[in-house]
>>> print(open('model-v7.tsv').read())   # TSV, C-alpha atoms and all ligand atoms
chain	number	residue	atom	x	y	z
A	1	MET	CA	45.57	-128.94	-128.59
A	2	SER	CA	43.17	-131.48	-130.03
A	3	ALA	CA	39.61	-130.32	-130.81
A	4	ASP	CA	37.97	-132.92	-128.60
A	5	ALA	CA	40.30	-132.30	-125.67
A	6	VAL	CA	38.74	-131.31	-122.35
A	7	ALA	CA	40.30	-129.96	-119.16
A	8	VAL	CA	38.67	-130.63	-115.81
A	9	LEU	CA	39.60	-128.34	-112.93
A	10	GLY	CA	38.68	-130.01	-109.66
A	11	THR	CA	38.53	-133.78	-109.34
A	12	GLY	CA	36.50	-134.17	-106.15
A	13	ARG	CA	33.48	-136.47	-106.31
A	14	MET	CA	31.66	-134.53	-109.04
A	15	GLY	CA	34.70	-133.33	-111.00
A	16	GLY	CA	36.21	-136.82	-110.77
A	17	ALA	CA	33.00	-138.34	-112.15
A	18	ILE	CA	32.98	-135.77	-114.98
A	19	ALA	CA	36.59	-136.61	-115.87
A	20	GLY	CA	35.72	-140.31	-115.73
A	21	ALA	CA	32.78	-139.90	-118.12
A	22	LEU	CA	34.89	-137.88	-120.57
A	23	LEU	CA	37.64	-140.49	-120.50
A	24	ALA	CA	35.11	-143.28	-120.99
A	25	ALA	CA	33.79	-141.45	-124.05
A	26	GLY	CA	37.31	-141.23	-125.49
A	27	HIS	CA	38.06	-137.55	-124.87
A	28	ARG	CA	41.65	-136.51	-124.42
A	29	THR	CA	41.35	-135.27	-120.84
A	30	THR	CA	43.65	-133.15	-118.72
A	31	VAL	CA	42.86	-132.78	-115.03
A	32	TRP	CA	44.03	-130.54	-112.24
A	33	ASN	CA	43.11	-130.67	-108.58
A	34	ARG	CA	44.36	-128.60	-105.66
A	35	SER	CA	45.37	-131.78	-103.81
A	36	ARG	CA	47.20	-133.85	-106.34
A	37	ASP	CA	46.35	-137.16	-104.62
A	38	ARG	CA	42.73	-136.82	-105.78
A	39	THR	CA	43.79	-136.97	-109.43
A	40	GLY	CA	44.74	-140.65	-109.02
A	41	PRO	CA	41.55	-142.27	-110.43
A	42	PRO	CA	41.38	-140.10	-113.61
A	43	ALA	CA	45.13	-140.54	-114.13
A	44	GLU	CA	44.71	-144.31	-113.94
A	45	ALA	CA	41.89	-144.04	-116.50
A	46	GLY	CA	44.20	-142.20	-118.90
A	47	ALA	CA	44.01	-138.51	-117.96
A	48	THR	CA	47.01	-136.22	-118.10
A	49	VAL	CA	47.59	-134.54	-114.75
A	50	ALA	CA	48.55	-130.86	-114.93
A	51	ASP	CA	50.59	-129.12	-112.26
A	52	THR	CA	48.60	-125.89	-112.35
A	53	PRO	CA	45.07	-124.87	-113.37
A	54	ALA	CA	46.59	-122.63	-116.05
A	55	THR	CA	48.51	-125.54	-117.64
A	56	ALA	CA	45.36	-127.66	-117.61
A	57	ALA	CA	43.23	-124.91	-119.21
A	58	ALA	CA	45.87	-124.31	-121.87
A	59	ALA	CA	45.59	-127.96	-122.95
A	60	ALA	CA	41.97	-127.91	-124.16
A	61	PRO	CA	39.38	-125.74	-125.94
A	62	LEU	CA	36.75	-126.80	-123.37
A	63	VAL	CA	37.49	-126.26	-119.68
A	64	ILE	CA	35.12	-127.66	-117.04
A	65	LEU	CA	35.39	-126.19	-113.56
A	66	CYS	CA	33.87	-128.12	-110.67
A	67	VAL	CA	35.02	-127.23	-107.18
A	68	LYS	CA	33.39	-126.91	-103.78
A	69	ASP	CA	31.77	-123.47	-104.02
A	70	ASP	CA	31.93	-120.02	-105.60
A	71	ARG	CA	34.82	-118.94	-103.42
A	72	ALA	CA	36.89	-121.95	-104.49
A	73	ALA	CA	35.88	-121.32	-108.12
A	74	ARG	CA	37.13	-117.73	-107.90
A	75	GLU	CA	40.46	-118.94	-106.52
A	76	VAL	CA	40.84	-121.47	-109.32
A	77	MET	CA	39.88	-118.90	-111.98
A	78	ALA	CA	42.52	-116.54	-110.56
A	79	GLY	CA	45.03	-119.38	-110.98
A	80	VAL	CA	43.91	-119.97	-114.58
A	81	GLY	CA	44.22	-116.30	-115.53
A	82	SER	CA	44.94	-115.52	-119.16
A	83	ALA	CA	45.26	-119.22	-120.06
A	84	ILE	CA	41.46	-119.25	-120.48
A	85	ALA	CA	41.64	-116.93	-123.54
A	86	GLY	CA	40.04	-118.45	-126.64
A	87	ARG	CA	38.45	-121.28	-124.65
A	88	THR	CA	35.02	-122.12	-123.33
A	89	LEU	CA	34.66	-122.31	-119.57
A	90	VAL	CA	31.80	-124.48	-118.30
A	91	ASN	CA	31.28	-123.91	-114.61
A	92	MET	CA	29.66	-126.93	-112.93
A	93	THR	CA	30.34	-125.58	-109.43
A	94	THR	CA	27.11	-125.04	-107.48
A	95	SER	CA	26.77	-121.26	-107.77
A	96	THR	CA	24.55	-118.38	-106.87
A	97	PRO	CA	23.18	-116.50	-109.90
A	98	GLU	CA	25.27	-113.50	-108.83
A	99	ALA	CA	28.46	-115.58	-108.82
A	100	ALA	CA	27.53	-117.05	-112.21
A	101	HIS	CA	27.22	-113.55	-113.66
A	102	ALA	CA	30.56	-112.60	-112.12
A	103	ALA	CA	32.23	-115.74	-113.50
A	104	ALA	CA	30.78	-115.06	-116.96
A	105	ALA	CA	32.09	-111.48	-116.79
A	106	TRP	CA	35.49	-112.79	-115.71
A	107	ALA	CA	35.56	-115.16	-118.67
A	108	ALA	CA	34.50	-112.42	-121.12
A	109	GLY	CA	37.18	-110.14	-119.67
A	110	HIS	CA	39.76	-112.83	-120.37
A	111	GLY	CA	38.63	-113.51	-123.95
A	112	ALA	CA	36.73	-116.72	-123.17
A	113	GLU	CA	33.19	-117.95	-123.66
A	114	TYR	CA	31.16	-119.13	-120.70
A	115	LEU	CA	28.39	-121.56	-119.90
A	116	GLY	CA	26.86	-121.79	-116.47
A	117	GLY	CA	26.12	-125.35	-115.43
A	118	ALA	CA	24.26	-127.14	-112.67
A	119	ALA	CA	24.28	-130.82	-111.77
A	120	MET	CA	20.73	-131.75	-110.77
A	121	THR	CA	21.92	-135.17	-109.80
A	122	ASP	CA	24.22	-137.27	-107.68
A	123	TYR	CA	27.80	-137.59	-108.92
A	124	ARG	CA	27.37	-141.36	-109.20
A	125	LEU	CA	24.90	-140.82	-112.07
A	126	ILE	CA	27.27	-138.71	-114.19
A	127	GLY	CA	27.64	-140.25	-117.65
A	128	GLY	CA	24.17	-141.83	-117.59
A	129	PRO	CA	21.78	-141.59	-120.56
A	130	GLN	CA	19.09	-139.74	-118.57
A	131	THR	CA	21.31	-137.78	-116.18
A	132	HIS	CA	19.88	-134.31	-115.69
A	133	LEU	CA	22.34	-131.43	-116.03
A	134	LEU	CA	21.48	-127.81	-116.80
A	135	TYR	CA	23.43	-125.38	-118.96
A	136	SER	CA	22.86	-121.73	-119.76
A	137	GLY	CA	24.71	-119.11	-121.78
A	138	PRO	CA	24.91	-118.28	-125.49
A	139	SER	CA	23.07	-120.99	-127.43
A	140	GLU	CA	25.75	-121.20	-130.12
A	141	VAL	CA	28.35	-121.97	-127.44
A	142	PHE	CA	26.15	-124.70	-125.98
A	143	ASP	CA	25.49	-126.13	-129.46
A	144	ARG	CA	29.20	-126.22	-130.26
A	145	HIS	CA	29.96	-128.29	-127.16
A	146	LYS	CA	26.66	-130.13	-126.92
A	147	ALA	CA	27.98	-133.53	-128.04
A	148	THR	CA	30.71	-133.44	-125.39
A	149	LEU	CA	28.37	-132.16	-122.67
A	150	LEU	CA	25.88	-134.92	-123.48
A	151	THR	CA	28.53	-137.48	-122.52
A	152	LEU	CA	28.26	-136.13	-118.94
A	153	GLY	CA	24.51	-136.64	-118.88
A	154	GLY	CA	22.15	-137.59	-121.68
A	155	GLY	CA	19.34	-135.63	-120.03
A	156	ALA	CA	21.24	-132.33	-120.42
A	157	ARG	CA	18.92	-129.37	-120.75
A	158	TYR	CA	19.74	-125.95	-122.21
A	159	VAL	CA	17.78	-123.50	-120.07
A	160	GLY	CA	18.51	-120.04	-121.45
A	161	ALA	CA	20.89	-117.45	-122.84
A	162	ASP	CA	21.61	-115.80	-119.50
A	163	PRO	CA	24.58	-117.67	-117.98
A	164	ALA	CA	23.01	-117.37	-114.51
A	165	VAL	CA	19.78	-119.22	-115.32
A	166	ALA	CA	21.27	-122.67	-114.63
A	167	ALA	CA	22.37	-121.47	-111.18
A	168	LEU	CA	18.99	-119.84	-110.57
A	169	PHE	CA	17.15	-123.06	-111.43
A	170	ASP	CA	19.52	-125.07	-109.25
A	171	MET	CA	18.91	-122.77	-106.26
A	172	ALA	CA	15.16	-122.76	-106.95
A	173	MET	CA	15.06	-126.56	-107.06
A	174	ASN	CA	16.98	-126.75	-103.79
A	175	SER	CA	14.54	-124.24	-102.32
A	176	LEU	CA	11.60	-126.40	-103.44
A	177	TYR	CA	13.22	-129.59	-102.21
A	178	PHE	CA	13.96	-128.13	-98.77
A	179	GLU	CA	10.34	-127.01	-98.37
A	180	PHE	CA	9.12	-130.42	-99.46
A	181	TRP	CA	11.57	-132.22	-97.21
A	182	ILE	CA	10.71	-130.28	-94.04
A	183	GLY	CA	7.02	-130.74	-94.84
A	184	TYR	CA	7.49	-134.47	-95.32
A	185	LEU	CA	9.26	-134.87	-91.98
A	186	HIS	CA	6.44	-132.98	-90.25
A	187	THR	CA	3.82	-135.23	-91.81
A	188	LEU	CA	5.81	-138.31	-90.78
A	189	ALA	CA	5.84	-136.95	-87.23
A	190	MET	CA	2.07	-136.45	-87.48
A	191	VAL	CA	1.32	-140.06	-88.40
A	192	ARG	CA	3.90	-141.42	-85.93
A	193	ARG	CA	2.09	-139.55	-83.12
A	194	GLU	CA	-0.81	-141.94	-83.77
A	195	GLY	CA	1.52	-144.91	-83.41
A	196	VAL	CA	1.54	-145.51	-87.19
A	197	ALA	CA	4.96	-146.32	-88.65
A	198	ALA	CA	6.31	-143.77	-91.11
A	199	SER	CA	7.00	-146.63	-93.54
A	200	GLN	CA	3.27	-147.50	-93.50
A	201	PHE	CA	2.48	-143.99	-94.71
A	202	ALA	CA	5.32	-143.64	-97.25
A	203	PRO	CA	3.69	-145.67	-100.09
A	204	VAL	CA	0.64	-143.42	-99.89
A	205	VAL	CA	2.92	-140.39	-100.20
A	206	ALA	CA	4.80	-141.91	-103.15
A	207	ARG	CA	1.58	-142.77	-104.98
A	208	THR	CA	0.04	-139.34	-104.42
A	209	ILE	CA	3.21	-137.44	-105.28
A	210	GLY	CA	3.23	-139.34	-108.59
A	211	GLU	CA	0.14	-137.38	-109.63
A	212	ILE	CA	1.82	-134.01	-109.09
A	213	PRO	CA	4.27	-133.70	-112.06
A	214	PRO	CA	1.58	-132.96	-114.69
A	215	LEU	CA	0.29	-130.13	-112.47
A	216	MET	CA	3.64	-128.30	-112.48
A	217	PRO	CA	3.49	-126.94	-116.07
A	218	MET	CA	-0.20	-126.16	-115.64
A	219	ILE	CA	0.40	-124.08	-112.49
A	220	ALA	CA	3.37	-122.36	-114.17
A	221	GLU	CA	1.21	-121.45	-117.19
A	222	GLN	CA	-1.45	-120.03	-114.87
A	223	ALA	CA	1.20	-117.97	-113.06
A	224	ASP	CA	2.76	-116.67	-116.28
A	225	HIS	CA	-0.59	-115.68	-117.80
A	226	GLY	CA	-2.42	-114.56	-114.66
A	227	ASP	CA	-5.14	-117.05	-115.50
A	228	TYR	CA	-6.38	-118.45	-112.19
A	229	ASP	CA	-9.17	-120.73	-113.30
A	230	PRO	CA	-10.49	-122.51	-110.17
A	231	ALA	CA	-11.88	-125.42	-112.21
A	232	THR	CA	-8.99	-127.81	-111.58
A	233	GLN	CA	-7.81	-127.05	-108.05
A	234	GLY	CA	-10.75	-125.32	-106.39
A	235	THR	CA	-10.70	-121.81	-104.96
A	236	VAL	CA	-8.50	-119.89	-102.56
A	237	ALA	CA	-11.40	-119.88	-100.08
A	238	GLU	CA	-11.78	-123.67	-100.26
A	239	LEU	CA	-8.03	-124.16	-99.80
A	240	ALA	CA	-8.06	-121.78	-96.83
A	241	ALA	CA	-10.80	-123.82	-95.14
A	242	LEU	CA	-8.95	-127.10	-95.73
A	243	THR	CA	-5.70	-125.57	-94.48
A	244	ARG	CA	-7.40	-124.60	-91.20
A	245	THR	CA	-8.66	-128.17	-90.78
A	246	VAL	CA	-5.19	-129.60	-91.40
A	247	ILE	CA	-3.70	-127.13	-88.91
A	248	GLU	CA	-6.23	-128.28	-86.32
A	249	VAL	CA	-5.53	-131.98	-86.90
A	250	ARG	CA	-1.75	-131.57	-86.98
A	251	GLY	CA	-1.70	-129.14	-84.05
A	252	SER	CA	-3.83	-131.44	-81.90
A	253	ARG	CA	-1.11	-134.06	-82.38
A	254	ALA	CA	1.45	-131.59	-81.01
A	255	VAL	CA	3.29	-131.27	-84.32
A	256	ASP	CA	4.48	-127.78	-85.26
A	257	THR	CA	2.11	-125.95	-87.65
A	258	GLU	CA	4.14	-122.77	-88.19
A	259	ARG	CA	4.56	-123.08	-91.97
A	260	LEU	CA	0.90	-124.05	-92.40
A	261	GLU	CA	-0.09	-120.99	-90.35
A	262	HIS	CA	1.97	-118.93	-92.74
A	263	LEU	CA	0.11	-120.46	-95.69
A	264	ALA	CA	-3.22	-119.81	-93.97
A	265	SER	CA	-2.29	-116.16	-93.38
A	266	LEU	CA	-1.42	-115.73	-97.08
A	267	LEU	CA	-4.72	-117.30	-98.10
A	268	ASP	CA	-6.63	-115.10	-95.65
A	269	ARG	CA	-4.93	-112.02	-97.07
A	270	ARG	CA	-5.85	-113.13	-100.59
A	271	ILE	CA	-9.48	-113.49	-99.49
A	272	ARG	CA	-9.42	-110.09	-97.74
A	273	ASP	CA	-8.11	-108.57	-100.99
A	274	GLY	CA	-11.22	-109.88	-102.71
A	275	HIS	CA	-9.75	-112.89	-104.57
A	276	GLY	CA	-11.19	-115.80	-102.60
A	277	GLU	CA	-12.95	-117.23	-105.65
A	278	GLN	CA	-9.81	-117.42	-107.79
A	279	GLY	CA	-7.78	-120.62	-108.16
A	280	PRO	CA	-5.00	-121.08	-105.60
A	281	THR	CA	-2.20	-120.24	-108.08
A	282	SER	CA	-3.32	-116.63	-107.69
A	283	LEU	CA	-1.54	-116.69	-104.33
A	284	ILE	CA	1.65	-115.99	-106.27
A	285	GLU	CA	0.45	-112.38	-106.62
A	286	THR	CA	0.23	-112.03	-102.83
A	287	ILE	CA	3.64	-113.70	-102.41
A	288	GLU	CA	5.21	-111.30	-104.91
A	289	GLU	CA	3.51	-108.28	-103.33
A	290	ILE	CA	5.03	-109.02	-99.93
A	291	THR	CA	8.45	-110.22	-101.12
A	292	ALA	CA	10.74	-107.26	-100.70
A	293	GLY	CA	12.74	-106.54	-103.86
A	294	GLY	CA	11.02	-109.35	-105.75
A	295	GLY	CA	10.52	-107.24	-108.84
A	296	ALA	CA	14.17	-106.23	-109.02
A	297	ALA	CA	15.36	-109.82	-108.58
A	298	ARG	CA	13.05	-110.98	-111.37
A	299	GLN	CA	14.62	-108.58	-113.82
A	300	GLU	CA	18.21	-109.54	-113.04
A	301	VAL	CA	18.11	-113.08	-114.42
A	302	HIS	CA	16.15	-113.94	-117.52
A	303	GLY	CA	16.16	-116.60	-120.15
A	401	LIG	N1	28.67	-134.71	-105.12
A	401	LIG	C1	27.50	-134.59	-105.77
A	401	LIG	O1	26.78	-135.58	-105.97
A	401	LIG	C2	27.07	-133.25	-106.29
A	401	LIG	C3	25.77	-133.11	-106.82
A	401	LIG	C4	25.38	-131.90	-107.36
A	401	LIG	C5	26.26	-130.82	-107.36
A	401	LIG	N2	27.51	-130.96	-106.81
A	401	LIG	C6	28.41	-129.79	-106.82
A	401	LIG	O2	29.66	-130.12	-107.39
A	401	LIG	C7	30.66	-129.30	-106.79
A	401	LIG	C8	31.77	-130.22	-106.32
A	401	LIG	O3	31.21	-131.08	-105.33
A	401	LIG	P1	31.91	-132.44	-104.92
A	401	LIG	O4	30.84	-133.33	-104.42
A	401	LIG	O5	32.81	-132.89	-106.02
A	401	LIG	O6	32.78	-131.95	-103.67
A	401	LIG	P2	34.06	-132.65	-103.05
A	401	LIG	O7	34.11	-134.09	-103.36
A	401	LIG	O8	34.10	-132.22	-101.62
A	401	LIG	O9	35.26	-131.94	-103.82
A	401	LIG	C9	35.46	-130.55	-103.66
A	401	LIG	C10	36.43	-130.12	-104.72
A	401	LIG	O10	36.66	-128.71	-104.58
A	401	LIG	C11	38.05	-128.49	-104.43
A	401	LIG	N3	38.30	-127.29	-103.66
A	401	LIG	C12	37.72	-126.94	-102.48
A	401	LIG	N4	38.20	-125.75	-102.08
A	401	LIG	C13	39.09	-125.35	-103.03
A	401	LIG	C14	39.88	-124.20	-103.20
A	401	LIG	N5	39.86	-123.18	-102.30
A	401	LIG	N6	40.68	-124.11	-104.28
A	401	LIG	C15	40.70	-125.12	-105.20
A	401	LIG	N7	39.97	-126.25	-105.10
A	401	LIG	C16	39.15	-126.34	-104.03
A	401	LIG	C17	38.55	-129.74	-103.76
A	401	LIG	O11	39.94	-129.82	-103.88
A	401	LIG	P3	40.77	-130.68	-102.78
A	401	LIG	O12	40.64	-132.10	-103.20
A	401	LIG	O13	42.15	-130.14	-102.89
A	401	LIG	O14	40.14	-130.40	-101.44
A	401	LIG	C18	37.80	-130.79	-104.58
A	401	LIG	O15	38.36	-130.95	-105.86
A	401	LIG	C19	29.99	-128.54	-105.64
A	401	LIG	O16	29.73	-127.23	-106.04
A	401	LIG	C20	28.73	-129.33	-105.41
A	401	LIG	O17	27.69	-128.54	-104.87
A	401	LIG	C21	27.94	-132.15	-106.29
>>> encode(input="model-v7.tsv", output="structure tokens")
Amino acid sequence: MSADAVAVLGTGRMGGAIAGALLAAGHRTTVWNRSRDRTGPPAEAGATVADTPATAAAAAPLVILCVKDDRAAREVMAGVGSAIAGRTLVNMTTSTPEAAHAAAAWAAGHGAEYLGGAAMTDYRLIGGPQTHLLYSGPSEVFDRHKATLLTLGGGARYVGADPAVAALFDMAMNSLYFEFWIGYLHTLAMVRREGVAASQFAPVVARTIGEIPPLMPMIAEQADHGDYDPATQGTVAELAALTRTVIEVRGSRAVDTERLEHLASLLDRRIRDGHGEQGPTSLIETIEEITAGGGAARQEVHG
């Protein structure tokens, strides 16, 4: 077993791209896939094709698992069994934090180290110098395999010692994206009601969105420190008034305002609780008050 050898379990679109990047970087690569016909491209690029996940895992100190979902990952891990002993398992399957904890426990129970992974990118970008992948788990394990993992994406980010943090961040980013996406479609509907093409509006969106990234760390700092200075973003009361105006304008164009009504109700509650003059980040306190079990969930996964 050569030190730079890597096994890839699952050669679908993402696993196949991972195997391809490893082969391109000169790693001795063994692949396994449930349907053998999908191992064709990595085999042509020089990979050894294993007959079972256990044989593949036995061939390398670093084993990368990338299958459809947590259920498939569990099935593959059951097939690997004791062959994972003494190895590092990096799970790139999109996972829930709970499944990541369970997979890490499975690895520990089989004498293996574990890193949770998350691909924050399209499989076609794997191997790129900026490609954004997340890893979490013991820092010494990440450091040991860092050079190899960087070949999958130069923008790799180590996000914490808890193996579930990568999965948590992945789910959180999907959650943010879905809220953004449904909001974007509603605003496109709003301008189209006026007979304005969505494509006429899109450059304005792109330009304005470009100003948001610097606000993200600032808002996060405010949330972490409970410091809700209204100097930069105005007050809860001002945001509540603007939200009502937007609801009126959007509603009068017969576009659904349900999520905005929800925002307005949160802002109203914040004002009723006596915090109307705080900055709008303070709304996180109201959100956490009314989110059942929020406190317990926060304690389960930590950096
Ligand atoms: N594609 C992307 O751009 C992208 C981006 C970010 C994250 N991801 C994540 O990467 C993971 C893989 O996605 P993908 O795009 O590569 O999917 P895909 O092309 O549909 O491939 C799915 C893979 O999972 C395997 N699989 C499914 N059920 C299985 C089971 N019960 N036992 C063993 N193997 C099983 C498939 O094997 P068969 O070939 O035998 O069906 C195949 O290797 C997912 O968790 C996905 O969320 C993908």
>>> atom_distance(input="model-v7.tsv", atom1="atom CA of A:Ile182", atom2="atom CA of A:Gly279")
25.2 Å
>>> atom_distance(input="model-v7.tsv", atom1="atom C14 of ligand LIG 401 (chain A)", atom2="atom CA of A:Arg87")
21.7 Å
>>> residues_around(input="model-v7.tsv", residues="stretch 233-244 of chain A", least_positions_apart="3", cutoff="7 Å", atoms="only C-alpha atoms", output="ChimeraX atom specification")
/A:230,247-248,264,267-268,271,276-280
>>> write_last_selection(input="model-v7.tsv", atoms="C-alpha atoms", output="compact mmCIF listing (two decimals), in the frame of the given file")
# COMPACT_ATOMS: atom_id res chain seq x y z
CA PRO A 230 -10.49 -122.51 -110.17
CA ILE A 247 -3.70 -127.13 -88.91
CA GLU A 248 -6.23 -128.28 -86.32
CA ALA A 264 -3.22 -119.81 -93.97
CA LEU A 267 -4.72 -117.30 -98.10
CA ASP A 268 -6.63 -115.10 -95.65
CA ILE A 271 -9.48 -113.49 -99.49
CA GLY A 276 -11.19 -115.80 -102.60
CA GLU A 277 -12.95 -117.23 -105.65
CA GLN A 278 -9.81 -117.42 -107.79
CA GLY A 279 -7.78 -120.62 -108.16
CA PRO A 280 -5.00 -121.08 -105.60
>>> atom_distance(input="model-v7.tsv", atom1="atom CA of A:Lys146", atom2="atom O15 of ligand LIG 401 (chain A)")
24.1 Å
>>> closest_residue(input="model-v7.tsv", among="A:Gly79, A:Gly251, A:Gly195, A:Pro41", to="ligand LIG 401 (chain A)", atoms="all atoms listed in the file")
A:Gly79
>>> closest_residue(input="model-v7.tsv", among="A:Val246, A:Ala3, A:Leu134, A:Val255", to="A:Leu188", atoms="all atoms listed in the file")
A:Val255
>>> residues_near_ligand(input="model-v7.tsv", ligand="ligand LIG 401 (chain A)", cutoff="7 Å", atoms="only C-alpha atoms and all ligand atoms", output="ChimeraX atom specification")
/A:10-15,33-35,38,66-69,71-73,75-76,92-95,118-124
>>> closest_residue(input="model-v7.tsv", among="A:Arg270, A:His275, A:Arg192, A:Arg253", to="A:Asp229", atoms="all atoms listed in the file")
A:His275
>>> residues_around(input="model-v7.tsv", residues="A:Ala19", least_positions_apart="6", cutoff="8 Å", atoms="all atoms listed in the file", output="mmCIF file with C-alpha atoms, in the frame of the given file")
data_model
loop_
_atom_site.group_PDB
_atom_site.id
_atom_site.type_symbol
_atom_site.label_atom_id
_atom_site.label_comp_id
_atom_site.auth_asym_id
_atom_site.auth_seq_id
_atom_site.Cartn_x
_atom_site.Cartn_y
_atom_site.Cartn_z
ATOM 1 C CA VAL A 8 38.670 -130.630 -115.810
ATOM 2 C CA THR A 11 38.530 -133.780 -109.340
ATOM 3 C CA THR A 29 41.350 -135.270 -120.840
ATOM 4 C CA VAL A 31 42.860 -132.780 -115.030
ATOM 5 C CA PRO A 42 41.380 -140.100 -113.610
ATOM 6 C CA ALA A 47 44.010 -138.510 -117.960
#
>>> closest_residue(input="model-v7.tsv", among="A:Ala156, A:Ala60, A:Leu22, A:Ala112", to="A:Gly81", atoms="all atoms listed in the file")
A:Ala112
>>> closest_residue(input="model-v7.tsv", among="A:Asp143, A:Thr96, A:Gly127, A:Arg207", to="A:Leu168", atoms="only C-alpha atoms")
A:Thr96
>>> residues_near_point(input="model-v7.tsv", point="(45.5, -125.2, -115.2)", cutoff="12 Å", atoms="all atoms listed in the file", output="CSV table (one decimal) with C-alpha atoms, in the frame of the given file")
chain,number,residue,atom,x,y,z
A,6,VAL,CA,38.7,-131.3,-122.4
A,7,ALA,CA,40.3,-130.0,-119.2
A,8,VAL,CA,38.7,-130.6,-115.8
A,9,LEU,CA,39.6,-128.3,-112.9
A,10,GLY,CA,38.7,-130.0,-109.7
A,30,THR,CA,43.6,-133.2,-118.7
A,31,VAL,CA,42.9,-132.8,-115.0
A,32,TRP,CA,44.0,-130.5,-112.2
A,33,ASN,CA,43.1,-130.7,-108.6
A,34,ARG,CA,44.4,-128.6,-105.7
A,48,THR,CA,47.0,-136.2,-118.1
A,49,VAL,CA,47.6,-134.5,-114.8
A,50,ALA,CA,48.6,-130.9,-114.9
A,51,ASP,CA,50.6,-129.1,-112.3
A,52,THR,CA,48.6,-125.9,-112.4
A,53,PRO,CA,45.1,-124.9,-113.4
A,54,ALA,CA,46.6,-122.6,-116.0
A,55,THR,CA,48.5,-125.5,-117.6
A,56,ALA,CA,45.4,-127.7,-117.6
A,57,ALA,CA,43.2,-124.9,-119.2
A,58,ALA,CA,45.9,-124.3,-121.9
A,59,ALA,CA,45.6,-128.0,-123.0
A,60,ALA,CA,42.0,-127.9,-124.2
A,63,VAL,CA,37.5,-126.3,-119.7
A,64,ILE,CA,35.1,-127.7,-117.0
A,65,LEU,CA,35.4,-126.2,-113.6
A,75,GLU,CA,40.5,-118.9,-106.5
A,76,VAL,CA,40.8,-121.5,-109.3
A,77,MET,CA,39.9,-118.9,-112.0
A,78,ALA,CA,42.5,-116.5,-110.6
A,79,GLY,CA,45.0,-119.4,-111.0
A,80,VAL,CA,43.9,-120.0,-114.6
A,81,GLY,CA,44.2,-116.3,-115.5
A,82,SER,CA,44.9,-115.5,-119.2
A,83,ALA,CA,45.3,-119.2,-120.1
A,84,ILE,CA,41.5,-119.2,-120.5
>>> closest_residue(input="model-v7.tsv", among="A:Pro217, A:Asp162, A:Leu89, A:Ala43", to="A:His145", atoms="all atoms listed in the file")
A:Leu89
>>> build_atoms(input="model-v7.tsv", residues="stretch 60-71 of chain A", atoms="N, CA and C atoms", output="PDB file, keeping the file's coordinate frame")
ATOM      1  N   ALA A  60      43.239-127.492-123.553  1.00  0.00           N
ATOM      2  CA  ALA A  60      41.970-127.910-124.160  1.00  0.00           C
ATOM      3  C   ALA A  60      41.098-126.701-124.527  1.00  0.00           C
ATOM      4  N   PRO A  61      40.290-126.832-125.586  1.00  0.00           N
ATOM      5  CA  PRO A  61      39.380-125.740-125.940  1.00  0.00           C
ATOM      6  C   PRO A  61      38.173-125.645-124.996  1.00  0.00           C
ATOM      7  N   LEU A  62      37.891-126.762-124.296  1.00  0.00           N
ATOM      8  CA  LEU A  62      36.750-126.800-123.370  1.00  0.00           C
ATOM      9  C   LEU A  62      37.284-127.075-121.967  1.00  0.00           C
ATOM     10  N   VAL A  63      36.975-126.167-121.051  1.00  0.00           N
ATOM     11  CA  VAL A  63      37.490-126.260-119.680  1.00  0.00           C
ATOM     12  C   VAL A  63      36.301-126.369-118.730  1.00  0.00           C
ATOM     13  N   ILE A  64      36.243-127.457-117.980  1.00  0.00           N
ATOM     14  CA  ILE A  64      35.120-127.660-117.040  1.00  0.00           C
ATOM     15  C   ILE A  64      35.643-127.440-115.626  1.00  0.00           C
ATOM     16  N   LEU A  65      34.985-126.517-114.933  1.00  0.00           N
ATOM     17  CA  LEU A  65      35.390-126.190-113.560  1.00  0.00           C
ATOM     18  C   LEU A  65      34.359-126.763-112.600  1.00  0.00           C
ATOM     19  N   CYS A  66      34.814-127.552-111.641  1.00  0.00           N
ATOM     20  CA  CYS A  66      33.870-128.120-110.670  1.00  0.00           C
ATOM     21  C   CYS A  66      34.558-128.255-109.319  1.00  0.00           C
ATOM     22  N   VAL A  67      34.435-127.212-108.529  1.00  0.00           N
ATOM     23  CA  VAL A  67      35.020-127.230-107.180  1.00  0.00           C
ATOM     24  C   VAL A  67      33.919-126.978-106.148  1.00  0.00           C
ATOM     25  N   LYS A  68      34.330-126.896-104.901  1.00  0.00           N
ATOM     26  CA  LYS A  68      33.390-126.910-103.780  1.00  0.00           C
ATOM     27  C   LYS A  68      32.304-125.828-103.860  1.00  0.00           C
ATOM     28  N   ASP A  69      32.731-124.582-104.065  1.00  0.00           N
ATOM     29  CA  ASP A  69      31.770-123.470-104.020  1.00  0.00           C
ATOM     30  C   ASP A  69      32.316-122.288-104.819  1.00  0.00           C
ATOM     31  N   ASP A  70      31.551-121.186-104.790  1.00  0.00           N
ATOM     32  CA  ASP A  70      31.930-120.020-105.600  1.00  0.00           C
ATOM     33  C   ASP A  70      33.279-119.445-105.180  1.00  0.00           C
ATOM     34  N   ARG A  71      33.539-119.484-103.885  1.00  0.00           N
ATOM     35  CA  ARG A  71      34.820-118.940-103.420  1.00  0.00           C
ATOM     36  C   ARG A  71      35.981-119.755-103.998  1.00  0.00           C
TER      37      ARG A  71
END
